[in-house]
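Novice: Just structure.pdb, nothing more (PDB, C-alpha atoms, pLDDT in the B column):
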```pdb
ATOM      1  CA  MET A  16      63.288  49.416  65.629  1.00 74.00           C
ATOM      2  CA  ALA A  17      63.419  52.180  68.203  1.00 82.00           C
ATOM      3  CA  ILE A  18      66.607  53.122  69.970  1.00 85.00           C
ATOM      4  CA  SER A  19      66.254  54.411  73.488  1.00 86.00           C
ATOM      5  CA  PHE A  20      68.799  56.700  75.024  1.00 87.00           C
ATOM      6  CA  GLN A  21      69.184  57.266  78.716  1.00 89.00           C
ATOM      7  CA  HIS A  22      71.387  60.219  79.664  1.00 89.00           C
ATOM      8  CA  ILE A  23      73.582  59.566  82.684  1.00 89.00           C
ATOM      9  CA  PRO A  24      75.488  62.736  83.638  1.00 88.00           C
ATOM     10  CA  HIS A  25      79.048  62.380  84.813  1.00 90.00           C
ATOM     11  CA  PRO A  26      79.404  62.771  88.614  1.00 85.00           C
ATOM     12  CA  ARG A  27      81.934  65.567  88.202  1.00 85.00           C
ATOM     13  CA  ILE A  28      79.275  67.810  86.670  1.00 85.00           C
ATOM     14  CA  ALA A  29      77.460  68.094  89.995  1.00 84.00           C
ATOM     15  CA  ASN A  30      80.738  68.794  91.807  1.00 82.00           C
ATOM     16  CA  ARG A  31      81.625  71.467  89.261  1.00 79.00           C
ATOM     17  CA  LYS A  32      78.279  73.190  89.735  1.00 83.00           C
ATOM     18  CA  LYS A  33      78.854  73.309  93.501  1.00 84.00           C
ATOM     19  CA  SER A  34      82.381  74.700  93.346  1.00 77.00           C
ATOM     20  CA  GLY A  35      82.032  76.909  90.278  1.00 74.00           C
ATOM     21  CA  PRO A  36      84.808  77.692  87.826  1.00 73.00           C
ATOM     22  CA  PRO A  37      88.377  77.972  89.094  1.00 72.00           C
ATOM     23  CA  LYS A  38      89.553  81.497  89.911  1.00 74.00           C
ATOM     24  CA  THR A  39      92.985  82.877  90.566  1.00 69.00           C
ATOM     25  CA  THR A  40      91.734  84.472  93.786  1.00 72.00           C
ATOM     26  CA  ASP A  41      90.921  81.006  95.148  1.00 73.00           C
ATOM     27  CA  GLU A  42      94.517  79.841  94.800  1.00 77.00           C
ATOM     28  CA  HIS A  43      96.771  79.868  97.827  1.00 78.00           C
ATOM     29  CA  VAL A  44      99.870  81.962  97.219  1.00 81.00           C
ATOM     30  CA  GLY A  45     102.660  82.448  99.684  1.00 87.00           C
ATOM     31  CA  PHE A  46     104.752  85.518 100.342  1.00 91.00           C
ATOM     32  CA  ASN A  47     106.669  85.261  97.052  1.00 90.00           C
ATOM     33  CA  GLY A  48     103.446  84.759  95.131  1.00 85.00           C
ATOM     34  CA  LYS A  49     101.936  87.882  96.658  1.00 87.00           C
ATOM     35  CA  ILE A  50     104.988  89.932  95.692  1.00 91.00           C
ATOM     36  CA  ALA A  51     104.905  88.532  92.158  1.00 88.00           C
ATOM     37  CA  LEU A  52     101.177  89.231  91.861  1.00 84.00           C
ATOM     38  CA  ALA A  53     101.617  92.819  93.074  1.00 89.00           C
ATOM     39  CA  LEU A  54     104.487  93.476  90.655  1.00 90.00           C
ATOM     40  CA  THR A  55     102.579  91.916  87.766  1.00 88.00           C
ATOM     41  CA  THR A  56      99.540  94.043  88.572  1.00 87.00           C
ATOM     42  CA  ILE A  57     101.645  97.214  88.641  1.00 89.00           C
ATOM     43  CA  VAL A  58     103.651  96.472  85.485  1.00 88.00           C
ATOM     44  CA  GLY A  59     100.511  95.471  83.593  1.00 88.00           C
ATOM     45  CA  THR A  60      99.102  99.021  83.475  1.00 91.00           C
ATOM     46  CA  MET A  61      99.274 101.703  80.829  1.00 93.00           C
ATOM     47  CA  TRP A  62     100.675 104.135  83.417  1.00 94.00           C
ATOM     48  CA  CYS A  63     103.673 101.844  83.783  1.00 92.00           C
ATOM     49  CA  ALA A  64     104.005 101.720  79.984  1.00 91.00           C
ATOM     50  CA  TYR A  65     104.043 105.526  79.900  1.00 94.00           C
ATOM     51  CA  ALA A  66     106.672 105.636  82.663  1.00 93.00           C
ATOM     52  CA  PHE A  67     108.812 103.108  80.792  1.00 91.00           C
ATOM     53  CA  ALA A  68     108.470 105.154  77.593  1.00 91.00           C
ATOM     54  CA  VAL A  69     109.710 108.263  79.400  1.00 93.00           C
ATOM     55  CA  LEU A  70     112.574 106.274  80.909  1.00 90.00           C
ATOM     56  CA  ALA A  71     113.518 104.940  77.481  1.00 89.00           C
ATOM     57  CA  LEU A  72     113.346 108.409  75.921  1.00 90.00           C
ATOM     58  CA  VAL A  73     115.767 109.690  78.561  1.00 91.00           C
ATOM     59  CA  ALA A  74     118.359 107.275  77.163  1.00 86.00           C
ATOM     60  CA  LEU A  75     117.640 108.234  73.530  1.00 87.00           C
ATOM     61  CA  PRO A  76     120.037 111.230  73.298  1.00 87.00           C
ATOM     62  CA  SER A  77     122.897 109.046  74.490  1.00 86.00           C
ATOM     63  CA  ALA A  78     122.148 106.455  71.810  1.00 83.00           C
ATOM     64  CA  LEU A  79     121.807 109.071  69.069  1.00 86.00           C
ATOM     65  CA  GLY A  80     125.012 110.763  70.222  1.00 88.00           C
ATOM     66  CA  GLN A  81     127.058 107.702  69.325  1.00 87.00           C
ATOM     67  CA  GLY A  82     126.307 108.331  65.677  1.00 83.00           C
ATOM     68  CA  THR A  83     126.059 104.708  64.570  1.00 87.00           C
ATOM     69  CA  LEU A  84     123.082 102.865  63.211  1.00 88.00           C
ATOM     70  CA  LEU A  85     123.907  99.932  65.456  1.00 88.00           C
ATOM     71  CA  ALA A  86     123.517 102.092  68.574  1.00 86.00           C
ATOM     72  CA  ASP A  87     120.161 103.408  67.320  1.00 87.00           C
ATOM     73  CA  VAL A  88     118.845  99.921  66.553  1.00 89.00           C
ATOM     74  CA  SER A  89     120.191  98.673  69.866  1.00 87.00           C
ATOM     75  CA  TRP A  90     118.365 101.436  71.739  1.00 87.00           C
ATOM     76  CA  LEU A  91     115.142 100.772  69.854  1.00 88.00           C
ATOM     77  CA  SER A  92     115.170  97.014  70.339  1.00 88.00           C
ATOM     78  CA  GLN A  93     116.752  96.642  73.755  1.00 86.00           C
ATOM     79  CA  THR A  94     115.422  99.695  75.511  1.00 85.00           C
ATOM     80  CA  PHE A  95     112.241 101.017  73.990  1.00 88.00           C
ATOM     81  CA  ILE A  96     110.534  97.904  72.654  1.00 89.00           C
ATOM     82  CA  GLN A  97     111.379  95.672  75.603  1.00 88.00           C
ATOM     83  CA  LEU A  98     110.387  98.197  78.246  1.00 87.00           C
ATOM     84  CA  VAL A  99     107.273  99.675  76.691  1.00 89.00           C
ATOM     85  CA  MET A 100     105.858  96.729  74.800  1.00 90.00           C
ATOM     86  CA  LEU A 101     106.125  94.458  77.840  1.00 88.00           C
ATOM     87  CA  SER A 102     103.584  96.585  79.697  1.00 88.00           C
ATOM     88  CA  VAL A 103     101.380  97.110  76.643  1.00 91.00           C
ATOM     89  CA  ILE A 104     101.222  93.366  75.968  1.00 91.00           C
ATOM     90  CA  MET A 105     100.348  92.717  79.612  1.00 90.00           C
ATOM     91  CA  VAL A 106      97.521  95.276  79.445  1.00 90.00           C
ATOM     92  CA  GLY A 107      96.191  93.583  76.311  1.00 90.00           C
ATOM     93  CA  GLN A 108      96.374  90.157  77.924  1.00 89.00           C
ATOM     94  CA  ASN A 109      94.480  91.445  80.971  1.00 85.00           C
ATOM     95  CA  ILE A 110      91.728  92.833  78.741  1.00 87.00           C
ATOM     96  CA  LEU A 111      91.512  89.604  76.735  1.00 86.00           C
ATOM     97  CA  SER A 112      91.366  87.460  79.869  1.00 84.00           C
ATOM     98  CA  ARG A 113      88.579  89.600  81.354  1.00 81.00           C
ATOM     99  CA  ALA A 114      86.620  89.246  78.126  1.00 80.00           C
ATOM    100  CA  SER A 115      87.109  85.475  78.029  1.00 78.00           C
ATOM    101  CA  ASP A 116      86.034  85.164  81.662  1.00 70.00           C
ATOM    102  CA  LYS A 117      82.682  86.703  80.728  1.00 74.00           C
ATOM    103  CA  ARG A 118      82.041  84.149  77.993  1.00 71.00           C
ATOM    104  CA  PRO A 119      79.697  81.313  78.870  1.00 68.00           C
ATOM    105  CA  ILE A 120      81.183  77.859  79.123  1.00 61.00           C
TER     106      ILE A 120
END
```
Give the structure from this file in structure tokens form.
Specialist:
Amino acid sequence: MAISFQHIPHPRIANRKKSGPPKTTDEHVGFNGKIALALTTIVGTMWCAYAFAVLALVALPSALGQGTLLADVSWLSQTFIQLVMLSVIMVGQNILSRASDKRPI
């Protein structure tokens, strides 16, 4: 007994081939979206991470001058890690997203 198979592609496949994959540049963003995109682009650079590190190090003598471990830990967690690592994580996410965009579907 032979089984025959007839492939019927879904209609959305043809539409997808015409339009291509979705891109962030194709999305309509208003004024607030453009500001948010510009700020995200600026903060997501290593130069911004370096600037934040310098800014955090400016506050380090004040934290060390208090002489308590709590002030040192507070500076490390609230100032240095939050400022610097935010930009570093954004840079990493940008690199990962560019790499995933290059992968075939």
Novice: What's the separation between CA of Ala64 in chain A and CA of Val103 in chain A, in Å to one decimal place?
Specialist: 6.3 Å
Novice: Expand the PyMOL selection byres ((chain A and resi 71-83) around 10) into the individual residues it matches in the shown file, reporting them as a PyMOL selection string.
Specialist: chain A and resi 65-70+84-91+93-99
Novice: Next, the residues of the selection above should be written as a compact mmCIF listing (two decimals), in the coordinates of the input with C-alpha atoms.
Specialist:
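Contents of part22.txt, as written:
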```
# COMPACT_ATOMS: atom_id res chain seq x y z
CA TYR A 65 104.04 105.53 79.90
CA ALA A 66 106.67 105.64 82.66
CA PHE A 67 108.81 103.11 80.79
CA ALA A 68 108.47 105.15 77.59
CA VAL A 69 109.71 108.26 79.40
CA LEU A 70 112.57 106.27 80.91
CA LEU A 84 123.08 102.86 63.21
CA LEU A 85 123.91 99.93 65.46
CA ALA A 86 123.52 102.09 68.57
CA ASP A 87 120.16 103.41 67.32
CA VAL A 88 118.84 99.92 66.55
CA SER A 89 120.19 98.67 69.87
CA TRP A 90 118.36 101.44 71.74
CA LEU A 91 115.14 100.77 69.85
CA GLN A 93 116.75 96.64 73.76
CA THR A 94 115.42 99.70 75.51
CA PHE A 95 112.24 101.02 73.99
CA ILE A 96 110.53 97.90 72.65
CA GLN A 97 111.38 95.67 75.60
CA LEU A 98 110.39 98.20 78.25
CA VAL A 99 107.27 99.68 76.69
```
Novice: Please determine, counting all atoms listed in the file, which residue among A:His25, A:Ile57, A:Trp62, A:Leu52 has the shortest atom-to-atom distance to Thr40 in chain A.
Specialist: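 Checking each of A:His25, A:Ile57, A:Trp62, A:Leu52 against Thr40 in chain A, counting all atoms listed in the file, the winner is A:Leu52.
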Novice: Expanded to explicit residues, what is the PyMOL selection byres ((chain A and resi 106-116) around 9) for this file, as a list in words?
Specialist: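 This file gives the following for the PyMOL selection byres ((chain A and resi 106-116) around 9): Val58, Gly59, Thr60, Met61, Leu101, Ser102, Val103, Ile104, Met105, Lys117, Arg118 and Pro119 of chain A.
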Novice: Mind dumping the selected residues with C-alpha atoms as an mmCIF file, in the frame of the given file?
Specialist:
```cif
data_model
loop_
_atom_site.group_PDB
_atom_site.id
_atom_site.type_symbol
_atom_site.label_atom_id
_atom_site.label_comp_id
_atom_site.auth_asym_id
_atom_site.auth_seq_id
_atom_site.Cartn_x
_atom_site.Cartn_y
_atom_site.Cartn_z
ATOM 1 C CA VAL A 58 103.651 96.472 85.485
ATOM 2 C CA GLY A 59 100.511 95.471 83.593
ATOM 3 C CA THR A 60 99.102 99.021 83.475
ATOM 4 C CA MET A 61 99.274 101.703 80.829
ATOM 5 C CA LEU A 101 106.125 94.458 77.840
ATOM 6 C CA SER A 102 103.584 96.585 79.697
ATOM 7 C CA VAL A 103 101.380 97.110 76.643
ATOM 8 C CA ILE A 104 101.222 93.366 75.968
ATOM 9 C CA MET A 105 100.348 92.717 79.612
ATOM 10 C CA LYS A 117 82.682 86.703 80.728
ATOM 11 C CA ARG A 118 82.041 84.149 77.993
ATOM 12 C CA PRO A 119 79.697 81.313 78.870
#
```
Novice: Suppose you want the space between CA of Glu42 in chain A and CA of Leu54 in chain A; what is it in Å?
Specialist: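 CA of Glu42 in chain A sits 17.4 Å away from CA of Leu54 in chain A.
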